[in-house]
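So this block is structure.pdb, PDB, C-alpha atoms:
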```pdb
ATOM      1  CA  MET A   1     -26.680   8.035  48.304
ATOM      2  CA  ILE A   2     -27.436   8.937  44.696
ATOM      3  CA  LEU A   3     -30.963   8.591  43.342
ATOM      4  CA  ILE A   4     -31.210   7.600  39.671
ATOM      5  CA  THR A   5     -34.688   7.680  38.141
ATOM      6  CA  GLY A   6     -35.271   5.528  35.060
ATOM      7  CA  ALA A   7     -32.160   3.398  35.591
ATOM      8  CA  ALA A   8     -33.874   0.262  34.299
ATOM      9  CA  GLY A   9     -33.802   1.888  30.855
ATOM     10  CA  TYR A  10     -31.054   2.287  28.279
ATOM     11  CA  ILE A  11     -29.011   5.373  29.168
ATOM     12  CA  GLY A  12     -29.988   5.362  32.849
ATOM     13  CA  SER A  13     -28.757   1.792  33.329
ATOM     14  CA  HIS A  14     -25.386   2.487  31.731
ATOM     15  CA  THR A  15     -24.975   5.556  33.914
ATOM     16  CA  ALA A  16     -25.949   3.569  37.021
ATOM     17  CA  LEU A  17     -23.346   0.968  36.057
ATOM     18  CA  LYS A  18     -20.707   3.707  35.790
ATOM     19  CA  PHE A  19     -21.546   4.990  39.275
ATOM     20  CA  LEU A  20     -21.530   1.478  40.744
ATOM     21  CA  GLU A  21     -18.119   0.798  39.226
ATOM     22  CA  GLU A  22     -16.926   3.987  40.936
ATOM     23  CA  GLY A  23     -18.041   2.521  44.265
ATOM     24  CA  ARG A  24     -21.047   4.839  44.725
ATOM     25  CA  GLU A  25     -24.199   3.854  46.575
ATOM     26  CA  VAL A  26     -27.132   4.031  44.167
ATOM     27  CA  VAL A  27     -30.880   4.044  44.718
ATOM     28  CA  VAL A  28     -32.827   3.254  41.525
ATOM     29  CA  PHE A  29     -36.422   4.433  41.141
ATOM     30  CA  ASP A  30     -38.261   3.019  38.126
ATOM     31  CA  ASN A  31     -41.792   1.866  37.292
ATOM     32  CA  LEU A  32     -40.476  -0.786  34.852
ATOM     33  CA  GLU A  33     -42.959   0.311  32.202
ATOM     34  CA  THR A  34     -40.271   0.621  29.538
ATOM     35  CA  GLY A  35     -37.277  -0.547  31.580
ATOM     36  CA  HIS A  36     -36.434  -4.122  32.533
ATOM     37  CA  ALA A  37     -36.244  -5.960  35.857
ATOM     38  CA  GLU A  38     -33.479  -8.122  34.348
ATOM     39  CA  THR A  39     -31.354  -4.989  33.920
ATOM     40  CA  ILE A  40     -31.783  -4.140  37.611
ATOM     41  CA  GLU A  41     -30.754  -7.663  38.627
ATOM     42  CA  THR A  42     -27.614  -7.358  36.489
ATOM     43  CA  LEU A  43     -26.750  -3.986  38.032
ATOM     44  CA  LYS A  44     -27.160  -5.360  41.561
ATOM     45  CA  LYS A  45     -24.237  -7.703  40.879
ATOM     46  CA  GLU A  46     -21.962  -4.736  40.169
ATOM     47  CA  GLY A  47     -22.208  -2.816  43.452
ATOM     48  CA  SER A  48     -24.407  -1.275  46.139
ATOM     49  CA  LEU A  49     -27.779  -0.791  44.461
ATOM     50  CA  THR A  50     -31.217  -0.474  46.046
ATOM     51  CA  PHE A  51     -34.199  -0.793  43.721
ATOM     52  CA  ILE A  52     -37.548   0.848  44.413
ATOM     53  CA  LYS A  53     -40.440   0.254  42.061
ATOM     54  CA  GLY A  54     -42.494   3.424  41.845
ATOM     55  CA  ASP A  55     -43.968   5.994  39.514
ATOM     56  CA  LEU A  56     -43.059   9.685  39.441
ATOM     57  CA  LYS A  57     -46.676  10.506  38.625
ATOM     58  CA  ASN A  58     -47.496   9.290  42.139
ATOM     59  CA  ARG A  59     -46.227  11.893  44.626
ATOM     60  CA  GLU A  60     -46.420   9.439  47.536
ATOM     61  CA  ASP A  61     -44.063   7.040  45.714
ATOM     62  CA  ILE A  62     -41.289   9.576  45.205
ATOM     63  CA  ASN A  63     -41.731  11.306  48.565
ATOM     64  CA  ALA A  64     -41.242   7.953  50.301
ATOM     65  CA  VAL A  65     -37.798   7.606  48.690
ATOM     66  CA  PHE A  66     -36.550  10.847  50.218
ATOM     67  CA  GLU A  67     -38.131  10.004  53.558
ATOM     68  CA  ASN A  68     -36.521   6.557  53.743
ATOM     69  CA  TYR A  69     -33.093   7.147  52.182
ATOM     70  CA  ASN A  70     -30.379   9.740  52.714
ATOM     71  CA  ILE A  71     -30.308  11.064  49.147
ATOM     72  CA  SER A  72     -27.648  13.681  48.350
ATOM     73  CA  SER A  73     -28.091  14.111  44.572
ATOM     74  CA  VAL A  74     -30.417  13.017  41.769
ATOM     75  CA  LEU A  75     -29.835  11.908  38.186
ATOM     76  CA  HIS A  76     -33.127  12.062  36.306
ATOM     77  CA  PHE A  77     -33.659   9.851  33.238
ATOM     78  CA  ALA A  78     -37.268   8.695  33.680
ATOM     79  CA  ALA A  79     -39.228   9.893  30.635
ATOM     80  CA  TYR A  80     -41.130   8.787  27.576
ATOM     81  CA  ALA A  81     -38.975   9.425  24.526
ATOM     82  CA  ILE A  82     -40.637   8.344  21.275
ATOM     83  CA  VAL A  83     -41.179  11.388  19.074
ATOM     84  CA  GLU A  84     -43.924   9.907  16.896
ATOM     85  CA  GLU A  85     -45.876   8.712  19.932
ATOM     86  CA  SER A  86     -45.579  12.156  21.543
ATOM     87  CA  VAL A  87     -47.276  13.707  18.491
ATOM     88  CA  LYS A  88     -50.164  11.220  18.687
ATOM     89  CA  ASN A  89     -50.521  11.324  22.469
ATOM     90  CA  PRO A  90     -49.090  14.554  23.945
ATOM     91  CA  LEU A  91     -51.183  14.138  27.108
ATOM     92  CA  LYS A  92     -49.193  11.025  27.995
ATOM     93  CA  TYR A  93     -45.920  12.901  27.517
ATOM     94  CA  TYR A  94     -46.846  16.037  29.469
ATOM     95  CA  ASN A  95     -48.267  13.978  32.336
ATOM     96  CA  ASN A  96     -45.190  11.797  32.624
ATOM     97  CA  ASN A  97     -42.285  13.988  31.548
ATOM     98  CA  VAL A  98     -43.443  17.295  33.056
ATOM     99  CA  ILE A  99     -45.804  16.452  35.932
ATOM    100  CA  GLY A 100     -43.600  13.523  36.944
ATOM    101  CA  THR A 101     -40.546  15.766  37.023
ATOM    102  CA  LEU A 102     -42.412  18.413  39.027
ATOM    103  CA  ASN A 103     -43.264  15.758  41.613
ATOM    104  CA  LEU A 104     -39.584  14.811  41.735
ATOM    105  CA  VAL A 105     -38.141  18.312  42.141
ATOM    106  CA  ASN A 106     -40.860  19.297  44.623
ATOM    107  CA  ALA A 107     -39.926  16.282  46.745
ATOM    108  CA  MET A 108     -36.280  17.304  46.441
ATOM    109  CA  ILE A 109     -37.014  20.828  47.676
ATOM    110  CA  GLU A 110     -39.141  19.509  50.539
ATOM    111  CA  HIS A 111     -36.294  17.240  51.679
ATOM    112  CA  ASN A 112     -33.503  19.770  51.053
ATOM    113  CA  VAL A 113     -31.826  17.886  48.186
ATOM    114  CA  LYS A 114     -30.456  20.607  45.930
ATOM    115  CA  LYS A 115     -28.495  18.902  43.115
ATOM    116  CA  ILE A 116     -29.880  17.249  39.969
ATOM    117  CA  VAL A 117     -28.428  16.096  36.640
ATOM    118  CA  PHE A 118     -31.173  16.161  34.020
ATOM    119  CA  SER A 119     -31.319  14.042  30.893
ATOM    120  CA  SER A 120     -32.390  16.460  28.152
ATOM    121  CA  THR A 121     -32.100  16.280  24.384
ATOM    122  CA  CYS A 122     -31.117  18.038  21.183
ATOM    123  CA  ALA A 123     -34.850  17.808  20.323
ATOM    124  CA  THR A 124     -35.255  21.034  22.320
ATOM    125  CA  TYR A 125     -33.501  22.890  19.482
ATOM    126  CA  GLY A 126     -35.870  21.911  16.685
ATOM    127  CA  GLU A 127     -34.820  22.666  13.116
ATOM    128  CA  PRO A 128     -31.135  23.662  13.127
ATOM    129  CA  GLN A 129     -30.484  27.294  12.237
ATOM    130  CA  TYR A 130     -26.728  26.664  12.080
ATOM    131  CA  LEU A 131     -24.292  23.771  12.494
ATOM    132  CA  PRO A 132     -22.725  22.502  14.623
ATOM    133  CA  ILE A 133     -25.360  23.225  17.280
ATOM    134  CA  ASP A 134     -24.029  24.837  20.459
ATOM    135  CA  GLU A 135     -25.797  25.487  23.749
ATOM    136  CA  ASN A 136     -26.833  28.995  22.663
ATOM    137  CA  HIS A 137     -28.748  27.766  19.618
ATOM    138  CA  PRO A 138     -32.409  28.936  19.725
ATOM    139  CA  GLN A 139     -34.813  26.360  21.152
ATOM    140  CA  PHE A 140     -37.961  25.794  19.104
ATOM    141  CA  PRO A 141     -38.991  22.124  19.515
ATOM    142  CA  VAL A 142     -41.079  20.698  16.675
ATOM    143  CA  ASN A 143     -42.773  17.897  18.654
ATOM    144  CA  PRO A 144     -44.311  17.391  22.114
ATOM    145  CA  TYR A 145     -41.380  15.231  23.279
ATOM    146  CA  GLY A 146     -38.966  18.123  22.718
ATOM    147  CA  GLN A 147     -41.450  20.537  24.263
ATOM    148  CA  THR A 148     -41.668  18.480  27.458
ATOM    149  CA  LYS A 149     -37.903  18.427  27.832
ATOM    150  CA  LEU A 150     -37.649  22.168  27.223
ATOM    151  CA  THR A 151     -40.421  22.769  29.763
ATOM    152  CA  VAL A 152     -38.437  20.856  32.371
ATOM    153  CA  GLU A 153     -35.322  22.866  31.525
ATOM    154  CA  LYS A 154     -37.301  26.054  32.216
ATOM    155  CA  ILE A 155     -38.625  24.624  35.486
ATOM    156  CA  LEU A 156     -35.084  23.850  36.610
ATOM    157  CA  LYS A 157     -33.919  27.375  35.820
ATOM    158  CA  ASP A 158     -36.826  28.860  37.794
ATOM    159  CA  TYR A 159     -36.228  26.488  40.728
ATOM    160  CA  ASP A 160     -32.568  27.486  40.782
ATOM    161  CA  LYS A 161     -33.511  31.164  41.184
ATOM    162  CA  ALA A 162     -36.281  30.552  43.709
ATOM    163  CA  TYR A 163     -35.050  27.570  45.734
ATOM    164  CA  ASN A 164     -31.322  27.308  44.942
ATOM    165  CA  LEU A 165     -31.833  23.945  43.226
ATOM    166  CA  LYS A 166     -28.661  23.455  41.191
ATOM    167  CA  SER A 167     -28.854  21.495  37.954
ATOM    168  CA  VAL A 168     -26.669  20.274  35.139
ATOM    169  CA  ILE A 169     -28.747  19.883  31.993
ATOM    170  CA  LEU A 170     -27.265  17.475  29.453
ATOM    171  CA  ARG A 171     -28.603  17.771  25.918
ATOM    172  CA  TYR A 172     -27.517  14.743  23.998
ATOM    173  CA  PHE A 173     -27.774  13.765  20.423
ATOM    174  CA  ASN A 174     -28.184  10.221  19.019
ATOM    175  CA  VAL A 175     -26.967   7.432  21.312
ATOM    176  CA  ALA A 176     -25.637   4.025  20.274
ATOM    177  CA  GLY A 177     -23.753   0.983  21.551
ATOM    178  CA  CYS A 178     -23.850  -0.827  24.872
ATOM    179  CA  ASP A 179     -21.705  -1.859  27.820
ATOM    180  CA  ASN A 180     -18.303  -3.108  26.628
ATOM    181  CA  LYS A 181     -18.713  -6.326  28.638
ATOM    182  CA  ILE A 182     -22.235  -6.832  27.174
ATOM    183  CA  ARG A 183     -23.816  -6.967  30.638
ATOM    184  CA  ILE A 184     -26.584  -4.512  29.690
ATOM    185  CA  GLY A 185     -27.657  -2.925  26.420
ATOM    186  CA  GLU A 186     -30.300  -1.158  24.368
ATOM    187  CA  TRP A 187     -33.648  -2.879  24.856
ATOM    188  CA  HIS A 188     -36.701  -1.007  23.625
ATOM    189  CA  ASN A 189     -40.106  -2.287  22.593
ATOM    190  CA  PRO A 190     -40.872  -1.019  20.048
ATOM    191  CA  GLU A 191     -37.339  -0.243  18.905
ATOM    192  CA  THR A 192     -37.080   3.129  17.172
ATOM    193  CA  HIS A 193     -33.312   3.670  17.047
ATOM    194  CA  LEU A 194     -31.213   3.242  13.942
ATOM    195  CA  VAL A 195     -28.389   0.869  14.915
ATOM    196  CA  PRO A 196     -30.461  -1.812  16.691
ATOM    197  CA  ASN A 197     -33.027  -1.735  13.895
ATOM    198  CA  ILE A 198     -30.348  -2.389  11.288
ATOM    199  CA  LEU A 199     -28.937  -5.228  13.403
ATOM    200  CA  LYS A 200     -32.378  -6.745  14.041
ATOM    201  CA  SER A 201     -33.002  -6.871  10.294
ATOM    202  CA  ALA A 202     -29.670  -8.673   9.838
ATOM    203  CA  LEU A 203     -30.473 -11.238  12.532
ATOM    204  CA  ASN A 204     -34.141 -11.773  11.677
ATOM    205  CA  THR A 205     -35.333 -12.370   8.119
ATOM    206  CA  ASP A 206     -38.848 -11.246   9.101
ATOM    207  CA  TYR A 207     -37.543  -7.840  10.207
ATOM    208  CA  GLU A 208     -37.280  -5.327   7.365
ATOM    209  CA  PHE A 209     -34.994  -2.310   7.625
ATOM    210  CA  ASN A 210     -36.121   0.931   5.989
ATOM    211  CA  ILE A 211     -34.215   4.111   5.164
ATOM    212  CA  TYR A 212     -36.553   7.090   5.087
ATOM    213  CA  GLY A 213     -35.371   9.436   2.369
ATOM    214  CA  ASN A 214     -32.319   9.258   0.107
ATOM    215  CA  ASP A 215     -32.719  12.660  -1.529
ATOM    216  CA  TYR A 216     -31.533  14.969   1.249
ATOM    217  CA  ASP A 217     -28.908  17.638   0.637
ATOM    218  CA  THR A 218     -26.092  15.448   1.976
ATOM    219  CA  PRO A 219     -23.218  13.632   0.226
ATOM    220  CA  ASP A 220     -25.117  10.329  -0.067
ATOM    221  CA  GLY A 221     -28.671  11.688   0.148
ATOM    222  CA  THR A 222     -29.463  10.263   3.608
ATOM    223  CA  CYS A 223     -29.823  12.161   6.893
ATOM    224  CA  ILE A 224     -26.730  12.973   8.933
ATOM    225  CA  ARG A 225     -26.831  12.596  12.709
ATOM    226  CA  ASP A 226     -24.358  12.688  15.609
ATOM    227  CA  TYR A 227     -23.983   9.216  17.183
ATOM    228  CA  VAL A 228     -22.404   9.258  20.655
ATOM    229  CA  ASN A 229     -21.505   6.019  22.429
ATOM    230  CA  VAL A 230     -23.592   5.242  25.516
ATOM    231  CA  ASN A 231     -20.480   4.553  27.626
ATOM    232  CA  ASP A 232     -19.092   7.986  26.769
ATOM    233  CA  LEU A 233     -22.483   9.428  27.690
ATOM    234  CA  ALA A 234     -22.448   7.619  31.050
ATOM    235  CA  LYS A 235     -19.019   9.080  31.749
ATOM    236  CA  ALA A 236     -20.398  12.562  31.006
ATOM    237  CA  HIS A 237     -23.094  12.060  33.655
ATOM    238  CA  LEU A 238     -20.465  11.108  36.224
ATOM    239  CA  LEU A 239     -18.449  14.217  35.338
ATOM    240  CA  ALA A 240     -21.600  16.364  35.551
ATOM    241  CA  TYR A 241     -22.351  14.925  38.991
ATOM    242  CA  LYS A 242     -18.805  15.688  40.164
ATOM    243  CA  TYR A 243     -19.090  19.192  38.734
ATOM    244  CA  LEU A 244     -22.240  19.813  40.773
ATOM    245  CA  GLU A 245     -20.601  18.435  43.907
ATOM    246  CA  GLN A 246     -17.530  20.639  43.495
ATOM    247  CA  LYS A 247     -18.940  23.846  41.985
ATOM    248  CA  ASN A 248     -22.553  23.849  43.214
ATOM    249  CA  SER A 249     -23.441  25.795  40.074
ATOM    250  CA  SER A 250     -25.996  25.186  37.330
ATOM    251  CA  GLU A 251     -24.825  24.530  33.768
ATOM    252  CA  ILE A 252     -25.968  23.224  30.379
ATOM    253  CA  PHE A 253     -23.898  21.008  28.091
ATOM    254  CA  ASN A 254     -24.336  19.460  24.659
ATOM    255  CA  LEU A 255     -23.049  15.898  24.348
ATOM    256  CA  GLY A 256     -22.110  14.614  20.912
ATOM    257  CA  THR A 257     -19.121  13.591  18.834
ATOM    258  CA  GLU A 258     -19.105  16.924  16.931
ATOM    259  CA  HIS A 259     -19.297  15.222  13.567
ATOM    260  CA  GLY A 260     -22.127  13.489  11.802
ATOM    261  CA  SER A 261     -22.579  10.119  10.171
ATOM    262  CA  SER A 262     -25.222   9.550   7.530
ATOM    263  CA  VAL A 263     -27.792   6.767   7.789
ATOM    264  CA  LYS A 264     -26.124   5.093   4.809
ATOM    265  CA  GLU A 265     -22.700   5.319   6.488
ATOM    266  CA  ILE A 266     -24.073   3.691   9.653
ATOM    267  CA  PHE A 267     -25.712   1.012   7.519
ATOM    268  CA  ASP A 268     -22.407   0.329   5.729
ATOM    269  CA  ILE A 269     -20.538   0.087   9.057
ATOM    270  CA  CYS A 270     -23.082  -2.479  10.235
ATOM    271  CA  GLN A 271     -22.563  -4.540   7.079
ATOM    272  CA  LYS A 272     -18.801  -4.338   7.584
ATOM    273  CA  VAL A 273     -18.932  -5.407  11.248
ATOM    274  CA  LEU A 274     -21.295  -8.280  10.482
ATOM    275  CA  ASN A 275     -19.489  -9.144   7.243
ATOM    276  CA  LYS A 276     -22.770  -9.676   5.474
ATOM    277  CA  GLU A 277     -25.170  -7.898   3.163
ATOM    278  CA  ILE A 278     -28.233  -6.563   4.949
ATOM    279  CA  PRO A 279     -31.485  -6.095   3.003
ATOM    280  CA  VAL A 280     -32.785  -2.529   2.958
ATOM    281  CA  LYS A 281     -35.699  -0.617   1.429
ATOM    282  CA  PHE A 282     -35.811   3.101   0.774
ATOM    283  CA  ARG A 283     -38.996   4.875   1.790
ATOM    284  CA  GLU A 284     -40.384   8.395   1.564
ATOM    285  CA  ARG A 285     -38.948  11.030   3.865
ATOM    286  CA  ARG A 286     -40.529  11.369   7.289
ATOM    287  CA  THR A 287     -42.043  14.740   8.126
ATOM    288  CA  GLY A 288     -39.798  16.959  10.224
ATOM    289  CA  ASP A 289     -36.484  15.151   9.706
ATOM    290  CA  PRO A 290     -33.732  17.765   9.169
ATOM    291  CA  ALA A 291     -31.020  16.829   6.689
ATOM    292  CA  LYS A 292     -28.172  17.390   9.167
ATOM    293  CA  LEU A 293     -27.956  17.507  12.945
ATOM    294  CA  PHE A 294     -24.735  17.402  14.942
ATOM    295  CA  ALA A 295     -23.318  18.921  18.096
ATOM    296  CA  ASN A 296     -20.778  21.436  19.213
ATOM    297  CA  SER A 297     -19.559  19.846  22.463
ATOM    298  CA  ALA A 298     -16.624  22.191  23.092
ATOM    299  CA  LYS A 299     -18.167  23.458  26.333
ATOM    300  CA  ALA A 300     -18.377  19.956  27.845
ATOM    301  CA  LYS A 301     -14.764  19.355  26.862
ATOM    302  CA  ARG A 302     -13.602  22.663  28.338
ATOM    303  CA  ILE A 303     -15.546  22.647  31.612
ATOM    304  CA  LEU A 304     -16.161  18.967  32.363
ATOM    305  CA  GLY A 305     -13.029  17.596  30.706
ATOM    306  CA  TRP A 306     -15.240  15.207  28.743
ATOM    307  CA  GLU A 307     -13.856  13.421  25.694
ATOM    308  CA  THR A 308     -15.456  10.725  23.572
ATOM    309  CA  GLU A 309     -13.447   7.499  23.455
ATOM    310  CA  HIS A 310     -15.574   5.192  21.320
ATOM    311  CA  SER A 311     -16.077   5.216  17.553
ATOM    312  CA  VAL A 312     -19.317   4.454  15.737
ATOM    313  CA  GLU A 313     -17.784   1.093  14.799
ATOM    314  CA  ASP A 314     -17.210   0.386  18.504
ATOM    315  CA  SER A 315     -20.885   1.145  19.140
ATOM    316  CA  VAL A 316     -22.011  -1.190  16.368
ATOM    317  CA  LYS A 317     -19.785  -4.042  17.590
ATOM    318  CA  THR A 318     -21.139  -3.976  21.152
ATOM    319  CA  ALA A 319     -24.704  -3.424  19.951
ATOM    320  CA  TYR A 320     -24.398  -6.482  17.699
ATOM    321  CA  GLU A 321     -23.180  -8.686  20.564
ATOM    322  CA  TRP A 322     -26.114  -7.472  22.666
ATOM    323  CA  GLU A 323     -28.664  -8.062  19.904
ATOM    324  CA  LYS A 324     -27.420 -11.639  19.566
ATOM    325  CA  ARG A 325     -28.151 -12.115  23.272
ATOM    326  CA  LEU A 326     -31.644 -10.672  22.926
ATOM    327  CA  LYS A 327     -32.518 -12.761  19.884
TER     328      LYS A 327
END
```

Go through the file and emit its structure as structure tokens.
Amino acid sequence: MILITGAAGYIGSHTALKFLEEGREVVVFDNLETGHAETIETLKKEGSLTFIKGDLKNREDINAVFENYNISSVLHFAAYAIVEESVKNPLKYYNNNVIGTLNLVNAMIEHNVKKIVFSSTCATYGEPQYLPIDENHPQFPVNPYGQTKLTVEKILKDYDKAYNLKSVILRYFNVAGCDNKIRIGEWHNPETHLVPNILKSALNTDYEFNIYGNDYDTPDGTCIRDYVNVNDLAKAHLLAYKYLEQKNSSEIFNLGTEHGSSVKEIFDICQKVLNKEIPVKFRERRTGDPAKLFANSAKAKRILGWETEHSVEDSVKTAYEWEKRLK
């Protein structure tokens, strides 16, 4: 059985769906603080899924999972992930993202489970020193969220040397879109991601969309980011899991499309898909936003055989159908 932590959330749920569609037995562990019980109920319809409500900060909760279920591998998504909040409340982020993960990997070691796929982030790199960013780029996070993820990466490397715990660390860039059949989707409160915020402003006249900065050193003055489709990301997690099963070797991979789209370009795609003009206001730049950020994913292509299949327009189309359901 495969344990997936945080599978009531956005990326975890899409990955769980991918595993269920492959006929895998999945155990989901989630405290439902930011995830949704409705998502779990939807996933249960798609295959063999057992849901356990628990919190990684509680060692008894996670130990009970390994005592009661025959877990062979772990995919770990459970984390707080709002950059601005991490700056205001780093204690919350270190307690959950680092201590929670330590409780998880310690339980794994105790129960002789030696394979984990870890959901990391390009935020571990900090300000880009060169583009596109590859896995060897220096890691100097500029916020506590990125620091917590980097700390976990270091823990996993140390646990590999000491306890033979094998890990695949996946550093992904911006994520967009939802399940092609619109069964599950992106559902955050508050919503901090670009595409759903644009779509919410189009569907709700009380919801104002802002672009922060239009004077960056980019072709249209707005920030450029790498937007990878969530279904392509879920496929990467399945490939990473299979890699661990076959090779039993630790690795690190960037996951992105290898080209960037500006905020204005994403906004224009949304207007095109919706066939309507969306109101927008330009605001001052936010502190710490680099002008450009996109991935070199050649290693994932070469070793995992991973290829992206969905365009940004595909992501916007599915996200729009999901937002209409949420409205």

Nearest residue to Tyr80 in chain A from the set A:Phe118, A:Arg24, A:Trp306, A:Tyr145 (distances using all atoms listed in the file): A:Tyr145

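Residue nearest Leu326 in chain A within the list A:Cys270, A:Leu203, A:Val27, A:Leu91: A:Leu203 [criterion: smallest interatomic distance, all atoms listed in the file].
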
Tell me which protein, DNA and RNA residues are within 10 Å of range 47-56 of chain A, counting only C-alpha atoms, leaving out same-chain ones fewer than 5 positions away, and put them as a CSV table (one decimal) with C-alpha atoms, in the frame of the given file.
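The resulting out12.csv:
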```
chain,number,residue,atom,x,y,z
A,1,MET,CA,-26.7,8.0,48.3
A,2,ILE,CA,-27.4,8.9,44.7
A,3,LEU,CA,-31.0,8.6,43.3
A,4,ILE,CA,-31.2,7.6,39.7
A,5,THR,CA,-34.7,7.7,38.1
A,6,GLY,CA,-35.3,5.5,35.1
A,7,ALA,CA,-32.2,3.4,35.6
A,8,ALA,CA,-33.9,0.3,34.3
A,16,ALA,CA,-25.9,3.6,37.0
A,17,LEU,CA,-23.3,1.0,36.1
A,19,PHE,CA,-21.5,5.0,39.3
A,20,LEU,CA,-21.5,1.5,40.7
A,21,GLU,CA,-18.1,0.8,39.2
A,22,GLU,CA,-16.9,4.0,40.9
A,23,GLY,CA,-18.0,2.5,44.3
A,24,ARG,CA,-21.0,4.8,44.7
A,25,GLU,CA,-24.2,3.9,46.6
A,26,VAL,CA,-27.1,4.0,44.2
A,27,VAL,CA,-30.9,4.0,44.7
A,28,VAL,CA,-32.8,3.3,41.5
A,29,PHE,CA,-36.4,4.4,41.1
A,30,ASP,CA,-38.3,3.0,38.1
A,31,ASN,CA,-41.8,1.9,37.3
A,32,LEU,CA,-40.5,-0.8,34.9
A,33,GLU,CA,-43.0,0.3,32.2
A,37,ALA,CA,-36.2,-6.0,35.9
A,40,ILE,CA,-31.8,-4.1,37.6
A,41,GLU,CA,-30.8,-7.7,38.6
A,42,THR,CA,-27.6,-7.4,36.5
A,61,ASP,CA,-44.1,7.0,45.7
A,62,ILE,CA,-41.3,9.6,45.2
A,63,ASN,CA,-41.7,11.3,48.6
A,64,ALA,CA,-41.2,8.0,50.3
A,65,VAL,CA,-37.8,7.6,48.7
A,69,TYR,CA,-33.1,7.1,52.2
A,78,ALA,CA,-37.3,8.7,33.7
A,79,ALA,CA,-39.2,9.9,30.6
A,95,ASN,CA,-48.3,14.0,32.3
A,96,ASN,CA,-45.2,11.8,32.6
A,97,ASN,CA,-42.3,14.0,31.5
A,98,VAL,CA,-43.4,17.3,33.1
A,99,ILE,CA,-45.8,16.5,35.9
A,100,GLY,CA,-43.6,13.5,36.9
A,101,THR,CA,-40.5,15.8,37.0
A,102,LEU,CA,-42.4,18.4,39.0
A,103,ASN,CA,-43.3,15.8,41.6
A,104,LEU,CA,-39.6,14.8,41.7
```

Please, what is the axis-aligned box for every listed atom of range 160-166 of chain A with 8 Å on each side, as centre and edge lengths in Å to one decimal, as JSON?
```
{"center_x": -32.5, "center_y": 27.3, "center_z": 43.3, "size_x": 23.6, "size_y": 23.7, "size_z": 21.0}
```

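Residue nearest Asn214 in chain A within the list A:Ile169, A:Leu239, A:Val228, A:Val263: A:Val263 [criterion: smallest interatomic distance, all atoms listed in the file].
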
Residue list as a ChimeraX atom specification for point (-13.7, 26.9, 33.5), cut-off 12 Å, only C-alpha atoms: /A:243,247,249,251,298-305

Test item: the PyMOL selection byres ((chain A and resi 164) around 12) resolved as a VMD selection string: chain A and resid 105 108 to 109 112 to 116 156 to 163 165 to 167 248 to 250

d(CA of Thr218 in chain A, CA of Phe282 in chain A) in Å: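 Value for the CA of Thr218 in chain A-CA of Phe282 in chain A distance: 15.8 Å.
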
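Residues captured in this structure file are Gly9, Tyr10, Thr34, Gly35, His36, Ile184, Gly185, Glu186, His188, Asn189, Pro190, Glu191, Pro196, Glu323 and Leu326 of chain A, according to the PyMOL selection byres ((chain A and resi 187) around 9).
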
Pairwise distance for CA of Ala295 in chain A and CA of His237 in chain A, rounded to one decimal in Å: 17.0 Å

Separation of CA of Glu153 in chain A from CA of Arg286 in chain A, in Å and rounded to one decimal: 27.3 Å

Contact residues around Tyr207 in chain A with all atoms listed in the file at 12 Å, ignoring same-chain residues under 4 positions, as a list in words: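 Using all atoms listed in the file, the neighbours found are Glu191, Pro196, Asn197, Ile198, Leu199, Lys200, Ser201, Ala202, Leu203, Ile278, Pro279, Val280, Lys281 and Lys327 of chain A.
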
Expected selection from the PyMOL selection byres ((chain A and resi 125-128) around 9), given as a PyMOL selection string: chain A and resi 121-124+129-133+137-143+146+150+288-290+292-293

With only C-alpha atoms counted, which protein, DNA or RNA residues have an atom no more than 7 Å from (-19.7, 20.9, 20.9) in the file frame? Please answer as a compact mmCIF listing (two decimals) with C-alpha atoms, keeping the file's coordinate frame.
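Once written, point_0.txt looks like this:
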```txt
# COMPACT_ATOMS: atom_id res chain seq x y z
CA ASP A 134 -24.03 24.84 20.46
CA ASN A 254 -24.34 19.46 24.66
CA LEU A 255 -23.05 15.90 24.35
CA GLY A 256 -22.11 14.61 20.91
CA GLU A 258 -19.10 16.92 16.93
CA ALA A 295 -23.32 18.92 18.10
CA ASN A 296 -20.78 21.44 19.21
CA SER A 297 -19.56 19.85 22.46
CA ALA A 298 -16.62 22.19 23.09
CA LYS A 299 -18.17 23.46 26.33
```

Among listed residues A:Glu60, A:Asp226, A:Asp217, A:Glu46, nearest Ala176 in chain A (using all atoms listed in the file):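 Going through A:Glu60, A:Asp226, A:Asp217, A:Glu46 one by one, the smallest distance to Ala176 in chain A is for A:Asp226.
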